>>> print(open('input.cif').read())   # mmCIF, C-alpha atoms
data_input
#
loop_
_atom_site.group_PDB
_atom_site.id
_atom_site.type_symbol
_atom_site.label_atom_id
_atom_site.label_comp_id
_atom_site.auth_asym_id
_atom_site.auth_seq_id
_atom_site.Cartn_x
_atom_site.Cartn_y
_atom_site.Cartn_z
ATOM 1 C CA MET Z 1 -18.544 -43.791 32.210
ATOM 2 C CA ARG Z 2 -16.710 -40.490 32.429
ATOM 3 C CA LEU Z 3 -13.439 -40.816 34.347
ATOM 4 C CA LEU Z 4 -10.856 -38.243 35.411
ATOM 5 C CA PHE Z 5 -7.424 -38.980 36.857
ATOM 6 C CA LEU Z 6 -5.361 -36.147 38.375
ATOM 7 C CA GLY Z 7 -1.594 -36.540 38.692
ATOM 8 C CA ASP Z 8 0.649 -36.285 41.742
ATOM 9 C CA VAL Z 9 -0.449 -33.337 43.888
ATOM 10 C CA VAL Z 10 2.701 -31.547 45.066
ATOM 11 C CA GLY Z 11 2.450 -29.285 48.103
ATOM 12 C CA ARG Z 12 0.194 -26.297 48.598
ATOM 13 C CA PRO Z 13 0.178 -25.088 44.939
ATOM 14 C CA GLY Z 14 -1.001 -28.542 43.849
ATOM 15 C CA ARG Z 15 -3.660 -28.738 46.534
ATOM 16 C CA GLN Z 16 -4.914 -25.256 45.738
ATOM 17 C CA VAL Z 17 -5.302 -25.865 42.019
ATOM 18 C CA VAL Z 18 -7.132 -29.163 42.623
ATOM 19 C CA LEU Z 19 -9.472 -27.688 45.223
ATOM 20 C CA GLU Z 20 -10.132 -24.688 42.957
ATOM 21 C CA HIS Z 21 -11.002 -26.574 39.780
ATOM 22 C CA LEU Z 22 -12.144 -30.099 40.645
ATOM 23 C CA PRO Z 23 -15.631 -29.224 41.985
ATOM 24 C CA ARG Z 24 -16.383 -27.269 38.811
ATOM 25 C CA LEU Z 25 -15.014 -29.945 36.489
ATOM 26 C CA ARG Z 26 -17.032 -32.594 38.311
ATOM 27 C CA ARG Z 27 -20.242 -30.655 37.623
ATOM 28 C CA GLN Z 28 -19.370 -29.305 34.170
ATOM 29 C CA TRP Z 29 -18.279 -32.648 32.724
ATOM 30 C CA ALA Z 30 -20.803 -34.749 34.689
ATOM 31 C CA LEU Z 31 -17.941 -36.958 35.873
ATOM 32 C CA ASP Z 32 -18.787 -40.400 37.206
ATOM 33 C CA PHE Z 33 -15.487 -41.089 38.954
ATOM 34 C CA VAL Z 34 -12.352 -39.134 39.895
ATOM 35 C CA VAL Z 35 -9.012 -40.411 41.193
ATOM 36 C CA VAL Z 36 -6.296 -38.138 42.589
ATOM 37 C CA ASN Z 37 -2.722 -39.200 43.317
ATOM 38 C CA GLY Z 38 -1.951 -37.561 46.666
ATOM 39 C CA GLU Z 39 1.413 -38.984 47.683
ATOM 40 C CA ASN Z 40 3.213 -35.614 47.564
ATOM 41 C CA ALA Z 41 0.344 -33.498 48.859
ATOM 42 C CA ALA Z 42 1.700 -32.717 52.348
ATOM 43 C CA GLY Z 43 4.655 -30.408 51.812
ATOM 44 C CA GLY Z 44 5.801 -32.566 48.912
ATOM 45 C CA PHE Z 45 6.116 -35.721 51.008
ATOM 46 C CA GLY Z 46 3.197 -37.962 51.869
ATOM 47 C CA ILE Z 47 -0.375 -37.162 52.846
ATOM 48 C CA THR Z 48 -2.284 -36.323 56.003
ATOM 49 C CA GLU Z 49 -5.798 -37.310 56.963
ATOM 50 C CA ALA Z 50 -7.000 -33.712 56.687
ATOM 51 C CA ILE Z 51 -5.694 -33.425 53.115
ATOM 52 C CA TYR Z 52 -7.224 -36.787 52.189
ATOM 53 C CA GLU Z 53 -10.593 -35.555 53.463
ATOM 54 C CA GLU Z 54 -10.188 -32.285 51.522
ATOM 55 C CA PHE Z 55 -9.739 -34.188 48.269
ATOM 56 C CA LEU Z 56 -12.868 -36.261 48.902
ATOM 57 C CA GLU Z 57 -14.902 -33.160 49.731
ATOM 58 C CA ALA Z 58 -13.670 -31.507 46.511
ATOM 59 C CA GLY Z 59 -14.968 -34.401 44.413
ATOM 60 C CA ALA Z 60 -12.369 -37.175 44.434
ATOM 61 C CA ASP Z 61 -13.730 -40.727 44.751
ATOM 62 C CA ALA Z 62 -10.334 -42.277 45.508
ATOM 63 C CA VAL Z 63 -6.816 -41.132 46.387
ATOM 64 C CA THR Z 64 -3.787 -43.158 45.325
ATOM 65 C CA LEU Z 65 -0.247 -43.026 46.713
ATOM 66 C CA GLY Z 66 3.276 -44.221 45.853
ATOM 67 C CA ASN Z 67 6.774 -44.371 47.285
ATOM 68 C CA HIS Z 68 6.051 -41.471 49.671
ATOM 69 C CA ALA Z 69 2.890 -43.118 50.998
ATOM 70 C CA PHE Z 70 4.053 -43.210 54.614
ATOM 71 C CA ASP Z 71 6.352 -40.182 54.801
ATOM 72 C CA GLN Z 72 3.791 -38.608 57.132
ATOM 73 C CA ARG Z 73 3.797 -40.958 60.091
ATOM 74 C CA GLU Z 74 0.105 -40.458 60.761
ATOM 75 C CA ALA Z 75 -0.630 -42.265 57.489
ATOM 76 C CA LEU Z 76 0.437 -45.520 59.131
ATOM 77 C CA VAL Z 77 -2.584 -45.159 61.404
ATOM 78 C CA PHE Z 78 -5.317 -43.316 59.538
ATOM 79 C CA ILE Z 79 -4.984 -45.354 56.328
ATOM 80 C CA ALA Z 80 -6.830 -48.169 58.111
ATOM 81 C CA ARG Z 81 -9.924 -45.981 58.463
ATOM 82 C CA ALA Z 82 -9.626 -44.411 54.997
ATOM 83 C CA PRO Z 83 -11.326 -46.896 52.631
ATOM 84 C CA ARG Z 84 -10.770 -44.713 49.558
ATOM 85 C CA LEU Z 85 -7.029 -44.270 50.162
ATOM 86 C CA VAL Z 86 -5.065 -46.809 48.094
ATOM 87 C CA ARG Z 87 -1.323 -47.460 48.497
ATOM 88 C CA PRO Z 88 0.802 -49.661 46.197
ATOM 89 C CA ALA Z 89 -0.513 -53.220 46.217
ATOM 90 C CA ASN Z 90 2.951 -54.721 45.930
ATOM 91 C CA TYR Z 91 4.149 -53.486 49.305
ATOM 92 C CA PRO Z 92 5.112 -56.466 51.503
ATOM 93 C CA PRO Z 93 2.404 -58.377 53.409
ATOM 94 C CA GLY Z 94 1.557 -56.647 56.662
ATOM 95 C CA THR Z 95 1.918 -53.106 55.319
ATOM 96 C CA PRO Z 96 -1.005 -51.002 56.595
ATOM 97 C CA GLY Z 97 -3.798 -50.123 54.206
ATOM 98 C CA ARG Z 98 -5.027 -51.598 50.953
ATOM 99 C CA GLY Z 99 -3.570 -51.836 47.456
ATOM 100 C CA ALA Z 100 -6.931 -52.002 45.691
ATOM 101 C CA ALA Z 101 -10.464 -50.880 46.410
ATOM 102 C CA LEU Z 102 -13.794 -51.551 44.709
ATOM 103 C CA ILE Z 103 -15.669 -48.263 45.060
ATOM 104 C CA GLU Z 104 -19.205 -47.346 44.048
ATOM 105 C CA ALA Z 105 -19.390 -44.430 41.616
ATOM 106 C CA ASN Z 106 -22.082 -41.777 41.869
ATOM 107 C CA ASN Z 107 -24.014 -43.543 39.080
ATOM 108 C CA GLY Z 108 -24.025 -46.830 41.005
ATOM 109 C CA ALA Z 109 -21.280 -48.461 38.955
ATOM 110 C CA GLN Z 110 -18.458 -50.402 40.618
ATOM 111 C CA VAL Z 111 -14.966 -49.038 39.949
ATOM 112 C CA LEU Z 112 -11.828 -50.965 40.834
ATOM 113 C CA VAL Z 113 -8.922 -48.690 41.758
ATOM 114 C CA VAL Z 114 -5.492 -50.330 41.937
ATOM 115 C CA ASN Z 115 -2.189 -48.697 42.894
ATOM 116 C CA MET Z 116 1.064 -50.425 41.951
ATOM 117 C CA MET Z 117 4.712 -49.401 42.156
ATOM 118 C CA GLY Z 118 7.456 -50.157 39.664
ATOM 119 C CA ARG Z 119 10.832 -51.665 40.556
ATOM 120 C CA ALA Z 120 13.264 -50.093 38.058
ATOM 121 C CA PHE Z 121 15.271 -47.462 40.022
ATOM 122 C CA MET Z 122 12.694 -47.741 42.818
ATOM 123 C CA ASP Z 123 12.445 -49.672 46.081
ATOM 124 C CA PRO Z 124 12.642 -53.438 45.336
ATOM 125 C CA LEU Z 125 9.047 -54.331 46.102
ATOM 126 C CA ASP Z 126 7.153 -57.447 45.027
ATOM 127 C CA ASP Z 127 6.739 -58.116 41.297
ATOM 128 C CA PRO Z 128 4.116 -55.603 40.059
ATOM 129 C CA PHE Z 129 3.213 -57.743 37.042
ATOM 130 C CA ALA Z 130 2.291 -60.737 39.191
ATOM 131 C CA ALA Z 131 0.591 -58.479 41.742
ATOM 132 C CA ILE Z 132 -1.619 -56.763 39.148
ATOM 133 C CA ASP Z 133 -2.704 -60.156 37.811
ATOM 134 C CA ARG Z 134 -4.006 -61.062 41.261
ATOM 135 C CA GLU Z 135 -5.926 -57.803 41.636
ATOM 136 C CA LEU Z 136 -7.461 -57.883 38.154
ATOM 137 C CA ASP Z 137 -8.442 -61.543 38.514
ATOM 138 C CA THR Z 138 -10.205 -60.767 41.806
ATOM 139 C CA ALA Z 139 -12.559 -58.221 40.203
ATOM 140 C CA PRO Z 140 -12.560 -58.779 36.419
ATOM 141 C CA LEU Z 141 -13.526 -55.887 34.172
ATOM 142 C CA GLY Z 142 -17.028 -56.348 32.814
ATOM 143 C CA LEU Z 143 -17.932 -59.025 35.353
ATOM 144 C CA VAL Z 144 -17.326 -57.447 38.763
ATOM 145 C CA ALA Z 145 -15.894 -54.028 37.910
ATOM 146 C CA ASP Z 146 -17.669 -51.672 35.518
ATOM 147 C CA ALA Z 147 -14.414 -49.734 35.184
ATOM 148 C CA THR Z 148 -10.860 -50.395 36.367
ATOM 149 C CA ILE Z 149 -8.283 -47.657 36.969
ATOM 150 C CA VAL Z 150 -4.650 -48.627 37.553
ATOM 151 C CA ASP Z 151 -2.149 -46.065 38.853
ATOM 152 C CA PHE Z 152 1.338 -47.383 38.067
ATOM 153 C CA HIS Z 153 3.803 -45.350 40.118
ATOM 154 C CA ALA Z 154 7.126 -45.950 38.395
ATOM 155 C CA GLU Z 155 10.333 -44.286 37.245
ATOM 156 C CA THR Z 156 11.092 -45.576 33.745
ATOM 157 C CA THR Z 157 9.061 -45.180 30.575
ATOM 158 C CA SER Z 158 9.937 -48.721 29.485
ATOM 159 C CA GLU Z 159 8.541 -50.347 32.617
ATOM 160 C CA LYS Z 160 5.414 -48.196 32.406
ATOM 161 C CA GLN Z 161 4.805 -49.035 28.749
ATOM 162 C CA ALA Z 162 5.356 -52.741 29.358
ATOM 163 C CA PHE Z 163 2.921 -52.589 32.256
ATOM 164 C CA GLY Z 164 0.297 -50.895 30.087
ATOM 165 C CA HIS Z 165 0.531 -53.623 27.464
ATOM 166 C CA TRP Z 166 0.429 -56.288 30.198
ATOM 167 C CA CYS Z 167 -2.909 -54.909 31.424
ATOM 168 C CA ASP Z 168 -4.354 -54.108 27.996
ATOM 169 C CA GLY Z 169 -7.942 -55.269 27.694
ATOM 170 C CA ARG Z 170 -8.236 -55.940 31.423
ATOM 171 C CA ALA Z 171 -8.384 -52.316 32.624
ATOM 172 C CA SER Z 172 -10.156 -49.156 31.526
ATOM 173 C CA LEU Z 173 -7.094 -47.022 32.254
ATOM 174 C CA VAL Z 174 -3.439 -47.615 33.083
ATOM 175 C CA ILE Z 175 -1.880 -44.301 34.038
ATOM 176 C CA GLY Z 176 1.734 -43.598 34.938
ATOM 177 C CA THR Z 177 2.634 -41.352 37.871
ATOM 178 C CA HIS Z 178 5.792 -40.406 39.817
ATOM 179 C CA THR Z 179 7.976 -38.519 37.310
ATOM 180 C CA HIS Z 180 5.775 -35.379 37.453
ATOM 181 C CA VAL Z 181 6.078 -34.417 33.772
ATOM 182 C CA PRO Z 182 3.138 -35.066 31.398
ATOM 183 C CA THR Z 183 3.979 -37.192 28.378
ATOM 184 C CA ALA Z 184 2.389 -36.842 24.943
ATOM 185 C CA ASP Z 185 1.585 -40.531 24.357
ATOM 186 C CA HIS Z 186 -1.988 -40.693 25.646
ATOM 187 C CA ARG Z 187 -3.821 -43.259 23.548
ATOM 188 C CA ILE Z 188 -6.077 -46.303 23.568
ATOM 189 C CA LEU Z 189 -4.166 -49.584 23.363
ATOM 190 C CA PRO Z 190 -5.357 -52.348 20.978
ATOM 191 C CA GLY Z 191 -7.296 -54.177 23.697
ATOM 192 C CA GLY Z 192 -9.259 -51.090 24.732
ATOM 193 C CA THR Z 193 -7.216 -49.786 27.675
ATOM 194 C CA ALA Z 194 -6.528 -46.040 27.841
ATOM 195 C CA TYR Z 195 -2.867 -45.374 28.564
ATOM 196 C CA MET Z 196 -0.440 -42.514 29.281
ATOM 197 C CA THR Z 197 3.155 -42.971 30.415
ATOM 198 C CA ASP Z 198 2.996 -40.101 32.900
ATOM 199 C CA VAL Z 199 0.036 -37.885 33.660
ATOM 200 C CA GLY Z 200 2.193 -35.114 35.116
ATOM 201 C CA MET Z 201 1.713 -33.376 38.441
ATOM 202 C CA CYS Z 202 -0.696 -30.935 39.968
ATOM 203 C CA GLY Z 203 1.771 -28.368 41.228
ATOM 204 C CA CYS Z 204 4.120 -25.555 40.276
ATOM 205 C CA TYR Z 205 6.161 -26.305 37.147
ATOM 206 C CA ASP Z 206 8.530 -23.352 37.736
ATOM 207 C CA GLY Z 207 10.797 -25.595 39.756
ATOM 208 C CA VAL Z 208 12.266 -29.098 39.611
ATOM 209 C CA ILE Z 209 9.498 -31.725 39.565
ATOM 210 C CA GLY Z 210 7.427 -29.480 41.803
ATOM 211 C CA MET Z 211 10.176 -28.496 44.229
ATOM 212 C CA ASP Z 212 11.786 -25.084 44.650
ATOM 213 C CA LYS Z 213 14.645 -25.058 42.126
ATOM 214 C CA GLU Z 214 17.443 -23.716 44.352
ATOM 215 C CA GLU Z 215 18.160 -26.839 46.405
ATOM 216 C CA PRO Z 216 18.085 -29.269 43.424
ATOM 217 C CA LEU Z 217 20.434 -26.920 41.545
ATOM 218 C CA ARG Z 218 22.853 -26.887 44.489
ATOM 219 C CA ARG Z 219 22.820 -30.660 44.702
ATOM 220 C CA PHE Z 220 23.385 -31.108 40.959
ATOM 221 C CA THR Z 221 26.189 -28.535 40.736
ATOM 222 C CA ARG Z 222 27.945 -29.060 44.095
ATOM 223 C CA LYS Z 223 26.918 -32.626 44.984
ATOM 224 C CA ILE Z 224 26.233 -31.442 48.531
ATOM 225 C CA GLY Z 225 22.782 -30.829 49.960
ATOM 226 C CA SER Z 226 22.347 -27.774 52.168
ATOM 227 C CA SER Z 227 18.645 -27.929 53.045
ATOM 228 C CA ARG Z 228 15.561 -30.090 52.614
ATOM 229 C CA PHE Z 229 13.438 -29.948 49.487
ATOM 230 C CA GLU Z 230 10.477 -27.566 49.645
ATOM 231 C CA PRO Z 231 7.605 -27.321 47.140
ATOM 232 C CA ALA Z 232 7.905 -24.518 44.599
ATOM 233 C CA ALA Z 233 5.608 -21.668 45.597
ATOM 234 C CA GLY Z 234 4.401 -20.386 42.225
ATOM 235 C CA PRO Z 235 1.019 -20.882 40.534
ATOM 236 C CA GLY Z 236 -0.040 -24.508 40.198
ATOM 237 C CA THR Z 237 -1.050 -26.371 37.062
ATOM 238 C CA LEU Z 238 -3.743 -29.038 37.201
ATOM 239 C CA SER Z 239 -2.563 -32.021 35.127
ATOM 240 C CA GLY Z 240 -4.803 -34.979 34.436
ATOM 241 C CA LEU Z 241 -6.302 -37.391 31.943
ATOM 242 C CA ALA Z 242 -9.928 -37.631 30.869
ATOM 243 C CA VAL Z 243 -11.301 -41.011 29.750
ATOM 244 C CA GLU Z 244 -14.696 -42.121 28.507
ATOM 245 C CA THR Z 245 -15.607 -45.811 28.505
ATOM 246 C CA ASP Z 246 -18.275 -47.905 26.814
ATOM 247 C CA GLY Z 247 -20.596 -50.473 28.364
ATOM 248 C CA SER Z 248 -17.811 -53.064 28.512
ATOM 249 C CA GLY Z 249 -15.566 -50.783 30.558
ATOM 250 C CA HIS Z 250 -13.107 -50.242 27.716
ATOM 251 C CA ALA Z 251 -11.970 -46.784 26.678
ATOM 252 C CA ILE Z 252 -13.489 -45.078 23.655
ATOM 253 C CA ALA Z 253 -11.979 -41.592 24.148
ATOM 254 C CA VAL Z 254 -8.973 -40.177 25.969
ATOM 255 C CA ALA Z 255 -7.523 -36.668 26.276
ATOM 256 C CA PRO Z 256 -5.108 -34.752 28.525
ATOM 257 C CA VAL Z 257 -6.270 -32.058 30.918
ATOM 258 C CA ARG Z 258 -4.043 -29.094 31.819
ATOM 259 C CA ILE Z 259 -5.412 -25.988 33.532
ATOM 260 C CA GLY Z 260 -3.594 -22.957 34.946
ATOM 261 C CA GLY Z 261 0.046 -22.369 35.737
ATOM 262 C CA SER Z 262 2.805 -22.286 33.147
ATOM 263 C CA LEU Z 263 2.017 -25.215 30.815
ATOM 264 C CA CYS Z 264 -0.033 -24.922 27.642
ATOM 265 C CA GLY Z 265 -3.657 -25.627 28.423
ATOM 266 C CA ALA Z 266 -5.454 -28.765 27.249
ATOM 267 C CA MET Z 267 -9.075 -29.876 27.532
ATOM 268 C CA PRO Z 268 -11.032 -32.878 26.198
ATOM 269 C CA ASP Z 269 -13.197 -32.123 23.163
ATOM 270 C CA PHE Z 270 -15.619 -35.015 23.658
ATOM 271 C CA TRP Z 271 -17.510 -33.704 26.720
#
>>> encode(input="input.cif", output="structure tokens")
Amino acid sequence: MRLLFLGDVVGRPGRQVVLEHLPRLRRQWALDFVVVNGENAAGGFGITEAIYEEFLEAGADAVTLGNHAFDQREALVFIARAPRLVRPANYPPGTPGRGAALIEANNGAQVLVVNMMGRAFMDPLDDPFAAIDRELDTAPLGLVADATIVDFHAETTSEKQAFGHWCDGRASLVIGTHTHVPTADHRILPGGTAYMTDVGMCGCYDGVIGMDKEEPLRRFTRKIGSSRFEPAAGPGTLSGLAVETDGSGHAIAVAPVRIGGSLCGAMPDFW
């Protein structure tokens, strides 16, 4: 299968660059399945139903979330009728929505999408290592799922790397989100799982993790906030990871994707 994961969409610049390029990439690369992390899509904080629908219409098969999942209050309601919207599975019992979804790809294959949140310097949610075991055991790769994509929304590189090794061989892709800066460690782990510590964001990099730079600078230099964070308004960069799997669901090729904006471009050479 041909898989594409797009990193945290931040505000209007992130939405615009995804909506501009994703339909073309879907056709050009004959993609079987696309996941977009949309937890910062609505003004940098959360997601609305209209934005969720826009991503699906543009070519996304699933939308994952993170610690800003419910910043837009409407998400508490519409997530119940959004079967392709996946919030962290280790939220407490009773949290609206779903932490995993088995979704049919356009080639008929079954793809398990799991969202999980780390605990280091994050909200103290349930143990993500125990929670991912439950999700992967429910729909094993190669038996129930033809491909498994795990979005690990976490702060520290150490927790992300440990999580990748924990899932190695049981997932097609473990991808880190949340820190909004693409790392250079994309690779295939020994068990056949594609991995990258952070995929980066779809948004404007001429700011501070997608936000207009002035307010973060004030807070760092004066230790006093004077206004709310707003997404940076410059050109957006599309940041993602391309993965190809074999018949067992394990990765055989992986490459970063960066289009537009201020970062150096990157494209897979195997499609």
>>> closest_atom_pairs(input="input.cif", of="stretch 157-195 of chain Z", to="stretch 240-251 of chain Z", cutoff="8 Å", atoms="only C-alpha atoms", output="tab-separated table")
residue	atom	partner	partner_atom	distance
Z:Gly169	CA	Z:His250	CA	7.2
Z:Ala171	CA	Z:His250	CA	7.1
Z:Ser172	CA	Z:His250	CA	4.9
Z:Leu173	CA	Z:Ala251	CA	7.4
Z:Ile188	CA	Z:Ala251	CA	6.7
Z:Gly192	CA	Z:His250	CA	4.9
Z:Thr193	CA	Z:Ala251	CA	5.7
Z:Ala194	CA	Z:Ala251	CA	5.6
>>> closest_residue(input="input.cif", among="Z:Leu141, Z:Ile132, Z:Ile259, Z:Ala266", to="Z:Asn115", atoms="all atoms listed in the file")
Z:Ile132
>>> atom_distance(input="input.cif", atom1="atom CA of Z:Arg24", atom2="atom CA of Z:Trp271")
13.7 Å
>>> resolve_selection(input="input.cif", expression="the PyMOL selection byres ((chain Z and resi 114) around 7)", output="JSON list (two decimals) with C-alpha atoms, in the frame of the given file")
[["chain", "number", "residue", "atom", "x", "y", "z"],
["Z", 99, "GLY", "CA", -3.57, -51.84, 47.46],
["Z", 100, "ALA", "CA", -6.93, -52.00, 45.69],
["Z", 101, "ALA", "CA", -10.46, -50.88, 46.41],
["Z", 112, "LEU", "CA", -11.83, -50.96, 40.83],
["Z", 113, "VAL", "CA", -8.92, -48.69, 41.76],
["Z", 115, "ASN", "CA", -2.19, -48.70, 42.89],
["Z", 116, "MET", "CA", 1.06, -50.42, 41.95],
["Z", 149, "ILE", "CA", -8.28, -47.66, 36.97],
["Z", 150, "VAL", "CA", -4.65, -48.63, 37.55],
["Z", 151, "ASP", "CA", -2.15, -46.06, 38.85]]
>>> closest_residue(input="input.cif", among="Z:His68, Z:Asp126, Z:Ala233, Z:Leu76", to="Z:Pro92", atoms="only C-alpha atoms")
Z:Asp126
>>> atom_distance(input="input.cif", atom1="atom CA of Z:Asp8", atom2="atom CA of Z:Ser226")
25.5 Å
>>> closest_residue(input="input.cif", among="Z:His180, Z:Arg222, Z:Arg26, Z:Arg187", to="Z:Arg2", atoms="only C-alpha atoms")
Z:Arg26
>>> closest_residue(input="input.cif", among="Z:Leu85, Z:Pro96, Z:Asn67, Z:Ala184", to="Z:Leu125", atoms="all atoms listed in the file")
Z:Asn67
>>> closest_residue(input="input.cif", among="Z:Leu263, Z:Ile47, Z:Ala255, Z:Val199", to="Z:Thr179", atoms="only C-alpha atoms")
Z:Val199
>>> atom_distance(input="input.cif", atom1="atom CA of Z:Gly225", atom2="atom CA of Z:Met211")
14.0 Å
>>> residues_around(input="input.cif", residues="stretch 201-209 of chain Z", least_positions_apart="2", cutoff="8 Å", atoms="all atoms listed in the file", output="PyMOL selection string")
chain Z and resi 6-15+17-18+179-182+199+211-213+216+231-240+261-263
>>> resolve_selection(input="input.cif", expression="the PyMOL selection byres ((chain Z and resi 82) around 10)", output="NGL selection string")
:Z and (49 or 52-53 or 62-63 or 75 or 77-81 or 83-86 or 97-98)
>>> residues_around(input="input.cif", residues="stretch 152-157 of chain Z", least_positions_apart="6", cutoff="8 Å", atoms="all atoms listed in the file", output="compact mmCIF listing (two decimals) with C-alpha atoms, in the frame of the given file")
# COMPACT_ATOMS: atom_id res chain seq x y z
CA GLY Z 66 3.28 -44.22 45.85
CA ASN Z 67 6.77 -44.37 47.28
CA ASN Z 115 -2.19 -48.70 42.89
CA MET Z 116 1.06 -50.42 41.95
CA MET Z 117 4.71 -49.40 42.16
CA GLY Z 118 7.46 -50.16 39.66
CA ARG Z 119 10.83 -51.66 40.56
CA ALA Z 120 13.26 -50.09 38.06
CA PHE Z 121 15.27 -47.46 40.02
CA MET Z 122 12.69 -47.74 42.82
CA PHE Z 163 2.92 -52.59 32.26
CA VAL Z 174 -3.44 -47.62 33.08
CA ILE Z 175 -1.88 -44.30 34.04
CA GLY Z 176 1.73 -43.60 34.94
CA THR Z 177 2.63 -41.35 37.87
CA HIS Z 178 5.79 -40.41 39.82
CA THR Z 179 7.98 -38.52 37.31
CA THR Z 197 3.16 -42.97 30.42
>>> closest_residue(input="input.cif", among="Z:Leu65, Z:Cys167, Z:Leu19, Z:Leu189", to="Z:Arg87", atoms="only C-alpha atoms")
Z:Leu65
>>> residues_near_point(input="input.cif", point="(-21.9, -49.9, 40.4)", cutoff="12 Å", atoms="only C-alpha atoms", output="list in words")
Met1, Asp32, Phe33, Leu102, Ile103, Glu104, Ala105, Asn106, Asn107, Gly108, Ala109, Gln110, Val111, Leu112, Gly142, Leu143, Val144, Ala145, Asp146, Ala147, Thr148 and Gly249 of chain Z
>>> resolve_selection(input="input.cif", expression="the PyMOL selection byres ((chain Z and resi 227) around 10)", output="ChimeraX atom specification")
/Z:214-216,218-219,224-226,228-230
